[in-house]
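Participant: This is the structure I want to talk about, given as C-alpha cells.
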Amino acid sequence: MSALPAARYTFGGDEHVFVEIAEDMSLPAFFKGMAITAELQRRRAPGVTEICPANASYLVRFDPDVIAPDAMVALLREIESSVGSSAFELQTRIVEIPVLYNDPWTHETQMRFRDRHQDPGSTDLEYAARINRHPSVEAFVQAHSSAPWFVSMVGFVAGLPFLFQMVERPQQLEVPKYLRPRTDTPKLTVGHGGCFSCIYSVRGAGGYQMFGITPAPIFDPAQKLPYLKDMMVFFRPGDIVKWKPITREEYDRDVAAVDAGSFDLRIRPVSFSLQKFLNDPAAYNTMLLEQLSH
Amino acid sequence: MSIEVVKPGLSTTVQDLGRPGYYHLGIPLSGALDQYSCRLANLLVGNDESAAVLECTLLAPELAFTDNAIIAVAGAQATPRINGKDVESNASLAVKAGDTLGFDLMKAGARTYIAVAGGIDVPMVLGSRSTYALGAIGGLHGRKLAAGDRLPVGNPGREARAGRTVDIGLVSSMAKELALRVLPGLYFHRLTESSADTFFADTWTVASEADRIGYRYRRGRALHFLERQQPFGAGSDPSNIVDAGYPYGSIQVPGGLEPIVLLRDAVSGGGYAMIGAVISADMDCIAQMQPNNKARFLLVDMPLALSARAERQQRLVRLRAALAG
C-alpha cells in the first residue's frame with residue numbers, strides 16, 4: 001500500500017469525521033477504506049453511530065458527547081496505521097446479475113431526455129462505445145460484461161450499488177454523466193458515470209448513461225425474494241458482481257419469476273486477495289468467475 | 001383508535017426521532033426535521049419523546065378524530081382550530097370523537113408538529129416509524145398522507161392530560177432571517193480564496209427546492225473551485241469528487257452555483273465536493289425556513305460548535321423539567 005498517500009482527516013460538522021484515503025479512485029484506496037472501517041466495526045467503539053465505507057474515502061458519524069472529536073480522529077488514525085501495511089484479504093461473495101442491455105425502457109427514457117445528452121444523435125450505448133473506442137455496441141457490451149466489478153459503495157438512495165471495474169486502468173470504461181441530470185430513470189437501470197457503474201434501486205432522478213436493465217430487484221421493503229429475506233437491501237460494499245447479458249425472452253421469464261416470488265440469484269462465497277489480483281488481474285478474474293459455475 | 005385524514009396538507013408525514021444505523025446502505029436518518037419541536041409536542045401530551053408525530057409542511061392538514069384524544073401542536077406558527085374555533089399551540093388539548101382539527105396558514109416557520117397521546121402507531125421499519133419517501137419505507141405506506149387515510153393511534157400513557165402548557169421561553173422562535181453556523185471542512189480547501197470569503201459574506205435566499213432531502217440556497221455570488229487535473233473517477237467539473245459519503249448538514253455546491261444543505265432524508269453520497277457542514281445545534285432551525293427566507297452562513301470552529309451543542313442540550317433538559325409530571 002506504499003503507493004497510497006496518508007489519509008486526509010476532516011470534520012463534517014460536530015458529528016462526522018470524513019476520511020479521504022485518496023483523491024483518485026483505485027482498488028487499493030477502496031480496500032484500505034474497507035480494512036479500516038471493518039476494524040472500526042469490530043472494535044464497537046462507544047459513540048460511533050454510522051460507519052460508511054465509500055469508493056476512496058469513508059464517513060463516520062459519532063456522538064461528540066460520548067467520544068470527543070479529537071479522540072475520534074485519534075482512534076481512526078491509530079486504526080489506519082494498524083492496517084496500513086497488512087495484505088488486504090476479503091471474505092466476500094460473487095453474484096451474477098442478469099442484464100438486458102439495450103432494453104426498450106431505458107431507450108424510451110433516453111429519447112425523452114435527449115436534449116440533456118452530449119450526443120443527442122446517438123443512444124447512450126452508441127455514445128459510450130464510440131468514446132471508449134469500441135467498434136460496436138456489441139463489443140462495448142462484451143467489455144462491460146466480461147470482467148467482474150467490485151461494489152465499492154452503497155448509497156445515494158436506498159440500496160444503490162456503485163461498481164468499479166476490476167481491470168487495469170487503461171481498459172476501464174469511462175463516460176461523462178449527462179450534461180444535466182434526468183428527472184426520471186427506470187427502476188433497476190444499469191447505468192454508468194465517470195468510472196462507475198450502478199444499478200438504480202428505485203425510480204427517480206439520475207445523471208448516469210443508461211446501458212440496460214436487470215430483472216433482479218435489489219431493494220425491496222417487502223423482502224419477498226429469498227436473497228432479500230435477511231435485509232431489504234441486497235448489496236454490501238465488497239460484493240463482486242458479474243453482469244450476465246440476457247435476451248428479452250430470458251428477461252420476461254425472470255420478471256415472471258420475480259412476480260411469482262420464485263426468482264433467485266446465483267451467489268457464491270469467495271475470498272479475495274488484493275495482492276494476488278494486482279499481480280495478474282486477468283488470471284485472477286478467471287479464477288473468480290469459475291467460482292460462479294460451481 | 002384512529003384519525004381520518006380529511007385534507008392531507010402540502011406534505012404531511014409520520015416522523016419520530018429517526019432511523020440511525022443504515023446510512024451505509026443508503027437509508028438515511030429520517031425523523032422529524034425540527035427535533036426539538038417534535039419532542040416538545042410529545043412531552044405536552046405525556047408521550048415518550050420518541051413517539052411518532054405528524055410533521056406538516058407549509059400547509060397543515062385537516063384531521064377528523066373518531067375517538068376522544070389528547071393532542072398538542074408545536075413548531076411553525078399556524079393557529080390550530082378545533083371545529084373552526086381557534087385553540088392554543090404549545091399546549092395539550094382535549095378533542096372529542098367527531099371533532100375536526102384544522103389550521104390557519106403558517107405565519108412563521110415551515111413545519112408544524114402534531115402529537116397525539118399514544119403516538120401514531122404505524123409499524124416500525126428498521127427500528128423507526130419515520131417516513132422515508134424516496135425508499136417508500138416507514139410512516140403510513142412509506143409515503144406522505146393522502147385524503148381518506150386512516151392513522152392508527154396507540155394507547156395513551158398515564159401522563160396524558162389536557163391543559164399542560166409550556167413557558168414561551170422554551171418554545172423555538174421562528175425567524176425569517178437566520179445565521180446558520182458552519183464548520184468549514186471536507187472539501188473546503190477546493191474553493192478559491194475569494195469564494196471562501198463570499199460564501200460567508202453573502203446573504204442567501206431559500207429556494208423553492210427545499211424539502212426533507214435538502215435545502216437549496218440562491219442569490220449569493222457563484223462559488224469557484226480551484227482548477228486542477230481532475231482525479232481519476234471524479235468527473236470533469238471542478239466541483240466533482242470521486243463519489244463519497246455526504247454527512248448530514250453538509251453543504252455541496254453543484255457547478256459552484258447554489259449551495260445545498262442536506263437534511264435528514266439526505267442522499268447518502270455522491271460526487272459533489274462539500275465545503276463544510278452546518279453544526280448540529282442549528283439543524284432544527286433550517287427545517288423552519290420557508291422559501292424566500294434569508295440566511296447567512298456564519299463561520300465557527302469546533303469548540304464553538306460543541307458549546308452550541310451543549311446549550312441546545314441544556315435547553316432540552318429545562319424543557320423536560322418544565323413538563324415533567
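Identifiers in this document derive from the order of the C-alpha cells: chains are assigned A, B, ..., residues are numbered from 1 separately in each chain, and ligands are numbered from 1 in order of occurrence.
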Might you pull out every residue within 7 Å of region 187-199 of chain B, with only C-alpha atoms counted and same-chain residues fewer than 3 positions away left off, and present them as JSON, numbers by chain?

Facilitator: {"B": [184, 202, 221, 223, 224, 225, 226, 273, 274, 275, 276]}

Participant: How would the residues just chosen look if you wrote them out with C-alpha atoms as a PDB file, in the first residue's frame?

Facilitator:
ATOM      1  CA  PRO B 184     -15.729  24.621   7.261  1.00  0.00           C
ATOM      2  CA  ASP B 202     -23.272  36.937   1.135  1.00  0.00           C
ATOM      3  CA  ARG B 221     -22.305  35.054  -5.660  1.00  0.00           C
ATOM      4  CA  LEU B 223     -18.551  29.905  -5.930  1.00  0.00           C
ATOM      5  CA  HIS B 224     -15.417  28.871  -7.766  1.00  0.00           C
ATOM      6  CA  PHE B 225     -13.320  25.794  -7.221  1.00  0.00           C
ATOM      7  CA  LEU B 226      -9.589  25.725  -7.849  1.00  0.00           C
ATOM      8  CA  ALA B 273     -17.496  18.498  -3.219  1.00  0.00           C
ATOM      9  CA  MET B 274     -18.843  19.507   0.191  1.00  0.00           C
ATOM     10  CA  ILE B 275     -17.413  22.704   1.647  1.00  0.00           C
ATOM     11  CA  GLY B 276     -18.394  22.205   5.284  1.00  0.00           C
TER      12      GLY B 276
END

Participant: Using only C-alpha atoms and a cut-off of 6 Å, which residues of chain A sit close to chain B? Please list them as a list in words.

Facilitator: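 Result: Thr10, Phe11, Gly12, Gly13, Asp14, Glu23, Asp24, Met25, Glu50, Cys52, Ala54, Leu59, Val154, Gly155, Phe156, Val157, Ala158, Gly159, Gly194 and Cys195 of chain A.
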
Participant: What lies within 10 Å of Glu177 (chain B) using only C-alpha atoms, ignoring chain neighbours under 5 positions off, as an mmCIF file with N, CA and C atoms, in the first residue's frame?

Facilitator:
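Contents of the output file around37.cif:
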data_model
loop_
_atom_site.group_PDB
_atom_site.id
_atom_site.type_symbol
_atom_site.label_atom_id
_atom_site.label_comp_id
_atom_site.auth_asym_id
_atom_site.auth_seq_id
_atom_site.Cartn_x
_atom_site.Cartn_y
_atom_site.Cartn_z
ATOM 1 N N THR B 203 -25.614 37.194 1.631
ATOM 2 C CA THR B 203 -26.913 36.788 2.170
ATOM 3 C C THR B 203 -27.565 35.875 1.133
ATOM 4 N N TRP B 204 -28.010 34.721 1.560
ATOM 5 C CA TRP B 204 -28.577 33.707 0.671
ATOM 6 C C TRP B 204 -30.085 33.604 0.903
ATOM 7 N N THR B 205 -30.798 33.179 -0.148
ATOM 8 C CA THR B 205 -32.255 33.081 -0.091
ATOM 9 C C THR B 205 -32.658 31.621 -0.274
ATOM 10 N N MET B 289 -37.254 27.107 7.953
ATOM 11 C CA MET B 289 -37.121 28.189 6.979
ATOM 12 C C MET B 289 -38.084 27.966 5.818
ATOM 13 N N ASN B 292 -37.768 31.707 0.256
ATOM 14 C CA ASN B 292 -37.588 33.173 0.257
ATOM 15 C C ASN B 292 -37.126 33.735 1.590
ATOM 16 N N ASN B 293 -37.059 32.921 2.657
ATOM 17 C CA ASN B 293 -36.401 33.388 3.876
ATOM 18 C C ASN B 293 -34.913 33.587 3.569
ATOM 19 N N LYS B 294 -34.256 34.385 4.413
ATOM 20 C CA LYS B 294 -32.850 34.716 4.164
ATOM 21 C C LYS B 294 -31.938 34.058 5.200
ATOM 22 N N ALA B 295 -30.764 33.712 4.751
ATOM 23 C CA ALA B 295 -29.786 33.116 5.676
ATOM 24 C C ALA B 295 -28.387 33.599 5.338
ATOM 25 N N ARG B 296 -27.594 33.735 6.373
ATOM 26 C CA ARG B 296 -26.157 33.893 6.186
ATOM 27 C C ARG B 296 -25.491 32.691 6.818
#

Participant: I'd like to know which residues of region 173-255 of chain B are helix (DSSP H, G or I) (by DSSP, run on the backbone); could you write them as a PyMOL selection string?

Facilitator: chain B and resi 188-190+193-201+254-255

Participant: List every residue of region 131-316 of chain B that DSSP, applied to the backbone of this structure, places in strand (DSSP E or B), and write the result as a ChimeraX atom specification.

Facilitator: /B:132,137,140,143,150-153,165,177-184,191,204-210,214-218,225,240-245,250-252,260-262,269-272,274-278,294-299

Participant: Near region 60-68 of chain A, within 7 Å and counting only C-alpha atoms, which residues show up once chain neighbours fewer than 3 positions away are dropped, as an MDAnalysis selection string?

Facilitator: chainID A and resid 14:18 46:52 71:72

Participant: Name the residues in contact with Leu10 (chain B) at a cut-off of 12 Å, using only C-alpha atoms, excluding same-chain residues fewer than 3 positions from it; report them as a list in words.

Facilitator: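 Near Leu10 (chain B), the qualifying residues are Lys7, Thr13, Glu55, Cys56, Thr57, Leu58, Leu59, Ala60, Pro61, Glu62, Leu105, Met106, Ala110, Arg111, Thr112, Lys144, Leu145, Ala146, Ala147 and Asp211 of chain B.
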
Participant: With C-alpha atoms retained, write the just-selected residues as a compact mmCIF listing (two decimals), in the first residue's frame.

Facilitator:
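Written output follows (out05.txt):
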# COMPACT_ATOMS: atom_id res chain seq x y z
CA LYS B 7 -57.26 17.08 3.70
CA THR B 13 -45.59 12.64 7.03
CA GLU B 55 -44.79 16.63 10.53
CA CYS B 56 -46.80 19.13 8.45
CA THR B 57 -45.04 21.22 5.83
CA LEU B 58 -46.15 24.79 4.90
CA LEU B 59 -49.83 23.89 4.58
CA ALA B 60 -51.13 21.83 7.51
CA PRO B 61 -53.74 19.05 7.11
CA GLU B 62 -57.34 18.74 8.26
CA LEU B 105 -51.85 29.47 7.30
CA MET B 106 -48.31 29.15 8.59
CA ALA B 110 -42.27 25.81 7.79
CA ARG B 111 -43.05 22.71 9.85
CA THR B 112 -45.78 22.19 12.41
CA LYS B 144 -46.92 11.36 2.64
CA LEU B 145 -50.54 11.38 3.81
CA ALA B 146 -53.44 11.40 1.33
CA ALA B 147 -57.11 12.29 1.80
CA ASP B 211 -37.54 19.64 1.23

Participant: Excluding same-chain residues fewer than 4 positions from Tyr36 (chain B), what lies within 10 Å of it counting only C-alpha atoms, as a ChimeraX atom specification?

Facilitator: /B:17,32,40-42,49,74-75,170-172,284-285,312-313,315-316,319

Participant: Sorted by chain and rising residue number, list the residues of region 172-258 of chain A at most 9 Å from region 117-128 of chain A (counting only C-alpha atoms), each with its closest atom pair and distance in Å to one decimal, as CSV.

Facilitator:
residue,atom,partner,partner_atom,distance
A:Leu173,CA,A:Ala128,CA,8.3
A:Glu174,CA,A:Ala128,CA,7.9
A:Val175,CA,A:Ala128,CA,6.2
A:Pro176,CA,A:Gln118,CA,8.7
A:Lys177,CA,A:His117,CA,8.5
A:Tyr178,CA,A:His117,CA,5.2
A:Leu179,CA,A:His117,CA,5.7
A:Arg180,CA,A:His117,CA,7.5
A:Gln209,CA,A:Asp124,CA,5.7
A:Met210,CA,A:Asp124,CA,6.0
A:Phe211,CA,A:Leu125,CA,5.8
A:Gly212,CA,A:Leu125,CA,8.9

Participant: Could you work out how far CA of Gly18 (chain B) lies from CA of Arg264 (chain B), giving the answer in Å with one decimal?

Facilitator: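 Value for the CA of Arg264 (chain B)-CA of Gly18 (chain B) distance: 8.3 Å.
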